[in-house]
Every structure is written in structure tokens, then in C-alpha cells.
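Asks: Input: one structure, supplied below.
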Amino acid sequence: MPATVVVGTQWGDEGKGKLTDLLAKDMRLVVRYQGGHNAGHTIVVEGESFALQLIPSGVLYSHTVPVIGNGVVVDPAVLLAECDMLEARGVDTSRLVVSGNAHLIMPYHYEIDRATERALGKNALGTTKRGIGPAYADKAARIGLRVQDLLDEKIFREKLEVVVREKNTMLAKVYNRLSLDLEEISDLYLNELAPRISPMIGDTVSIVHEALDAGENVMLEGAQATFLDLDHGTYPFVTSSNPTAGGACVGTGIGPRDISRVVGIAKAYVTRVGSGPFPTELEGELAELLVERGHEYGTNTGRRRRPGWLDTVMLRQAARINSLSEIALTKLDVLSDLEEVKICVAYEVDGERLTRLPYHQSVLHRVKPIYETLPGWTDDLSAATSVADLPDSAQAYLRCIEEHVGVPITYVGVGPGREQFVQFHR
């Protein structure tokens with residue numbers, strides 16, 4: 001049975017957690033394939049909210065095996081704290097498997113992340129300062145420590161000594177920061193964290209392939225989103241990995257032919273956190289309304305998100321990059337009670353109409369959105385369970401998106417709860 005990929009199509013915070021939770025009920029494996037604890041998924045089950053950072057959303061189903069793939073960077077302390085939180089709330093985490101090839105986030109990654117952002121000043125990228133970028137940088141530089149290194153004390157110590165020496169030199173001479181203690185780090189990772197992490201470590205590539213070979217359903221879950229992708233996002237205001245569907249192959253060890261379904265998650269409007277271009281960004285009362293109604297504050301950081309109208313130029317690009325087979329649109333209910341709703345269908349720059357995302361960042365910063373304006377609706381959508389429950393104007397909004405993007409909308413979110421969705425197309 002080929003795999004299903006769930007990917008964000010905007011700048012993150014589209015509600016991927018809810019959709020992955022919805023699909024996970026039919027999955028044997030749910031595999032996280034990139035990112036770290038800089039992204040959070042919020043899932044509401046029977047009124048109870050679960051904020052997940054590293055553990056895949058499928059953990060809430062007893063029949064599903066949650067897997068952290070090789071493309072993820074892992075802070076073991078954060079992972080264990082998340083396990084403890086879930087266990088305390090009655091969720092069994094004993095099925096969790098962590099790839100031995102996943103890279104570790106170390107204390108010096110946090111220090112370098114904070115120091116770099118401070119040094120950039122007004123040009124700071126707005127990272128979460130959780131060591132994600134520096135961990136991926138070490139991976140690319142081939143000096144990273146991996147989860148499997150926790151199983152070999154001698155190897156771990158040898159690698160750590162080399163890296164700590166280099167990082168302390170950098171922290172002291174470049175950033176004027178205090179040195180980190182090798183023994184403290186070694187003791188924390190080998191004596192406190194490794195004994196608890198070791199039983200979770202496994203050969204996740206084989207686990208995924210065996211499930212696929214057995215005809216079982218497998219879902220690959222990304223963090224962040226298409227326009228935070230290191231290669232295809234609004235660089236440099238991006239993450240340090242590849243959240244796109246192609247990254248799912250690299251981050252789990254499967255090939256493109258193992259994937260048959262790519263579900264793109266899009267919010268009914270757009271938000272982004274931190275710096276970077278945002279053609280449809282809103283300000284003023286409407287912006288504040290969307291932020292408060294949509295609870296647009298970071299799951300992990302609490303940072304306010306910047307809101308704007310839905311942008312189909314971006315969405316079309318995301319459909320291309322990810323080979324989307326369908327779209328799941330979330331938070332349609334947030335747009336209720338507006339007299340009119342707008343959809344960006346093209347850009348204008350220097351008198352020219354653009355229907356594709358400009359490749360040059362300087363151009364993207366200057367574009368002006370061209371909108372199609374549709375009537376709003378006053379109905380409360382939170383109790384809707386079928387298309388017939390959606391007002392005609394809300395249905396027209398959805399069909400307008402489909403027309404401009406060329407991809408069918410299958411699911412429509414009408415509230416935060418697990419069951420608050422409508423199947424728009426089957």
C-alpha cells in the first residue's frame with residue numbers, strides 16, 4: 001500500500017496536526033520526516049488539547065506506531081519531556097520508534113543559535129532559537145552526533161570532544177560567550193538521557209518498508225511548510241530542512257514510487273511568523289480579528305502570527321512543488337461574519353500581471369496582490385457535518401480556490417475539534 005504524505009502549503013501553522021490526526025485512524029505508521037521541536041501540532045480530542053512538538057500525531061491512536069525518521073533533529077530531553085507529558089495524560093508512548101540516523105540537538109546548538117540571532121540584530125531571521133539550524137549545519141558539515149551514537153559511549157565521547165573544542169573556540173572568539181563544559185554535556189546525554197532513549201531507537205527505514213510491503217497504511221508527516229522549505233521557500237526566512245513532499249522520501253528512506261497520495265494543508269487565510277515577504281498581509285482591525293478568532297499565536301513560542309488573505313499564487317506553486325493530489329482547507333469557520341472575503345489570484349508589479357510566484361526575492365517583496373472578492377457569510381459553521389450545511393457563499397469560496405489552484409479540496413475544517421470537518425469532495 002503506497003504512502004500518504006501530509007504537507008503544509010503556506011508558511012506553516014495550517015493545522016496539519018488536526019488533519020494528520022484525522023487520517024491517522026486508518027494508518028499503521030505515522031512518520032515524522034524532518035524538522036525538530038521548532039514546530040508544534042495542536043490536536044483537540046473531546047475538548048482536550050494536546051500540543052505536540054516531536055512525536056507524530058498518530059500517537060493518540062493505540063493501533064498506530066509513531067515513528068521519528070532519519071530526517072528529524074532530536075533534542076532527547078525535549079522528546080522525553082513530551083513522552084512524560086503524554087503518559088501523565090493517559091497516552092501510551094511505548095510504541096514510539098526513533099531513527100538511529102536522526103541527528104542530535106546539543107547544548108552548543110542552542111548557544112550558537114541565540115548568539116547568531118543576536119549578532120544579526122535587525123537582520124535576524126526570527127528563528128525559534130532552539131538549535132535547529134546549527135544542528136542541520138553540523139549534519140551537512142559531517143560533524144553532527146546522531147541518535148545511534150548514544151548507544152556507544154566511546155564513539156559518543158570521541159565525537160563530542162572534537163566538536164565541543166571547535167564550538168567553544170567559536171563561542172569565545174566570535175561571539176564572546178562562555179565555554180561549555182564537556183563533562184557536563186557527556187554526563188547529561190550518556191547517563192541521564194541515553195538509558196531512557198535507547199529502547200526507542202530502531203531501524204526506521206526497515207520498519208517503514210516492511211509496513212508498505214505488508215500492504216499497511218503509512219503516513220509521512222512534515223513540520224513547517226512549503227514556503228519555509230530550505231530550497232523552495234522565501235529564503236533566507238526559511239527553516240533548515242525540506243518540509244516539501246520530496247523531503248519525505250529523504251527523511252524516511254523511501255522512494256517516490258512508494259507515495260501515491262499527497263495531501264496539502266492550507267488555511268482558509270494565510271499566516272506567517274517572523275520576518276519575510278508576505279504579499280497579502282493584512283493590518284488593522286481585520287488583522288486583529290483574524291488573529292484573535294483563529295488563536296494565531298505559536299504553539300511553542302506564543303509569538304503572534306501575521307495574517308493575510310488566501311494567496312492562490314502561492315498555493316499553485318505549492319501544488320506544483322509537492323505534486324498535490326488534494327487540499328485540506330482548515331479554519332474556514334474563522335472567516336464567518338465577514339461582509340466579503342478575498343482571494344489573491346495574481347500579483348501586479350511594474351504594471352505587469354504575474355500568475356506565477358516570482359523567483360527573484362526582490363520582486364516578491366514589491367508585488368501587489370490582485371484580488372477576487374466574494375460575498376461573505378454569517379452562518380456559524382462549527383456544527384457543519386456535510387456540504388449541505390455550508391452556506392452557498394462558503395461553497396462558492398471553496399470552489400473559487402479549486403478553480404484557481406487546479407486541485408480538489410477534500411476536507412474542510414470548521415472548528416478545532418477532531419470531528420469538526422466536512423468532506424467537500426470524496
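By convention in this document, the chains of the C-alpha cells carry letters A, B, ... by their order, each chain's residues are numbered from 1, and ligands are numbered from 1 in the order they are shown.
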From the DSSP assignment of the backbone, select every residue of region 223-297 of chain A that is strand (DSSP E), and format the answer as a PyMOL selection string.
Replies: chain A and resi 259-267+270-272
Asks: Can I get the selection written as a PDB file, in the first residue's frame, with N, CA and C atoms?
Replies:
```pdb
ATOM      1  N   ILE A 259       4.962   6.571  -2.862  1.00  0.00           N
ATOM      2  CA  ILE A 259       3.970   7.575  -2.459  1.00  0.00           C
ATOM      3  C   ILE A 259       2.889   7.668  -3.522  1.00  0.00           C
ATOM      4  N   SER A 260       1.628   7.583  -3.086  1.00  0.00           N
ATOM      5  CA  SER A 260       0.511   7.673  -4.040  1.00  0.00           C
ATOM      6  C   SER A 260      -0.409   8.852  -3.763  1.00  0.00           C
ATOM      7  N   ARG A 261      -0.292   9.443  -2.585  1.00  0.00           N
ATOM      8  CA  ARG A 261      -1.230  10.497  -2.190  1.00  0.00           C
ATOM      9  C   ARG A 261      -0.468  11.596  -1.467  1.00  0.00           C
ATOM     10  N   VAL A 262      -0.647  12.833  -1.917  1.00  0.00           N
ATOM     11  CA  VAL A 262      -0.016  13.976  -1.253  1.00  0.00           C
ATOM     12  C   VAL A 262      -1.107  14.975  -0.899  1.00  0.00           C
ATOM     13  N   VAL A 263      -1.362  15.104   0.396  1.00  0.00           N
ATOM     14  CA  VAL A 263      -2.413  15.999   0.888  1.00  0.00           C
ATOM     15  C   VAL A 263      -1.779  17.310   1.334  1.00  0.00           C
ATOM     16  N   GLY A 264      -2.157  18.397   0.671  1.00  0.00           N
ATOM     17  CA  GLY A 264      -1.634  19.713   1.040  1.00  0.00           C
ATOM     18  C   GLY A 264      -2.577  20.411   2.000  1.00  0.00           C
ATOM     19  N   ILE A 265      -2.051  20.814   3.129  1.00  0.00           N
ATOM     20  CA  ILE A 265      -2.870  21.512   4.124  1.00  0.00           C
ATOM     21  C   ILE A 265      -2.750  23.013   3.896  1.00  0.00           C
ATOM     22  N   ALA A 266      -3.896  23.667   3.752  1.00  0.00           N
ATOM     23  CA  ALA A 266      -3.919  25.125   3.562  1.00  0.00           C
ATOM     24  C   ALA A 266      -4.945  25.722   4.512  1.00  0.00           C
ATOM     25  N   LYS A 267      -4.605  26.846   5.092  1.00  0.00           N
ATOM     26  CA  LYS A 267      -5.563  27.568   5.916  1.00  0.00           C
ATOM     27  C   LYS A 267      -6.446  28.410   4.997  1.00  0.00           C
ATOM     28  N   VAL A 270      -4.055  33.134   5.265  1.00  0.00           N
ATOM     29  CA  VAL A 270      -2.633  32.807   5.381  1.00  0.00           C
ATOM     30  C   VAL A 270      -2.053  33.494   6.613  1.00  0.00           C
ATOM     31  N   THR A 271      -1.110  32.815   7.269  1.00  0.00           N
ATOM     32  CA  THR A 271      -0.348  33.459   8.343  1.00  0.00           C
ATOM     33  C   THR A 271       1.119  33.095   8.186  1.00  0.00           C
ATOM     34  N   ARG A 272       1.965  33.931   8.733  1.00  0.00           N
ATOM     35  CA  ARG A 272       3.375  33.548   8.872  1.00  0.00           C
ATOM     36  C   ARG A 272       3.918  34.170  10.147  1.00  0.00           C
TER      37      ARG A 272
END
```
Asks: Looking only at alpha helix (DSSP H) from DSSP on the backbone, list the matching residues of region 250-299 of chain A as a ChimeraX atom specification.
Replies: /A:250-252,285-293
Asks: Write out as a tab-separated table the residues of region 347-374 of chain A that have any atom within 8 Å of an atom of region 304-323 of chain A, one row each with the nearest atom pair and its distance in Å to one decimal, counting only C-alpha atoms, sorted by chain and then rising number.
Replies:
```
residue	atom	partner	partner_atom	distance
A:Tyr347	CA	A:Val313	CA	7.9
A:Thr355	CA	A:Val313	CA	6.1
A:Arg356	CA	A:Val313	CA	5.9
A:Leu357	CA	A:Val313	CA	6.1
```
Asks: Hey, can you spit out that residue selection with C-alpha atoms as a short mmCIF file (atom, residue, chain, number, x, y, z; two decimals), in the first residue's frame?
Replies:
```
data_model
loop_
_atom_site.label_atom_id
_atom_site.label_comp_id
_atom_site.auth_asym_id
_atom_site.auth_seq_id
_atom_site.Cartn_x
_atom_site.Cartn_y
_atom_site.Cartn_z
CA TYR A 347 0.24 39.76 -8.50
CA THR A 355 0.24 34.46 -12.15
CA ARG A 356 3.36 32.62 -11.03
CA LEU A 357 5.46 33.20 -7.94
#
```
Asks: Can you measure CA of Asp92 (chain A) to CA of Glu14 (chain A) for me? One decimal in Å is fine.
Replies: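 Here the two named atoms are 26.6 Å from each other.
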Asks: Quick one: of A:Ala223, A:Ile370, A:Leu289, A:Ile112, who's nearest to Gly17 (chain A), counting only C-alpha atoms?
Replies: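 Of the candidates, the smallest distance to Gly17 (chain A) is held by A:Ala223.
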Asks: Tell me, as a PyMOL selection string, which residues lie within 12 Å of Pro56 (chain A), counting only C-alpha atoms; anything in the same chain fewer than 6 positions away does not count.
Replies: chain A and resi 6+16-21+24+29-37+39-43+50+64-69+72+79+82-83+93+95-98+219-223
Asks: Identify which of the residues A:Arg146, A:Arg196, A:His63, A:Arg177 lies closest to Leu80 (chain A), counting only C-alpha atoms when measuring atom-to-atom distances.
Replies: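 Of the candidates, the smallest distance to Leu80 (chain A) is held by A:Arg196.
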Asks: Kindly indicate which residue among A:Thr252, A:Thr239, A:Ser386, A:Ser179 lies nearest to Asn70 (chain A), using only C-alpha atoms for the distances.
Replies: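 Residue with the minimum atom-to-atom distance to Asn70 (chain A): A:Thr252.
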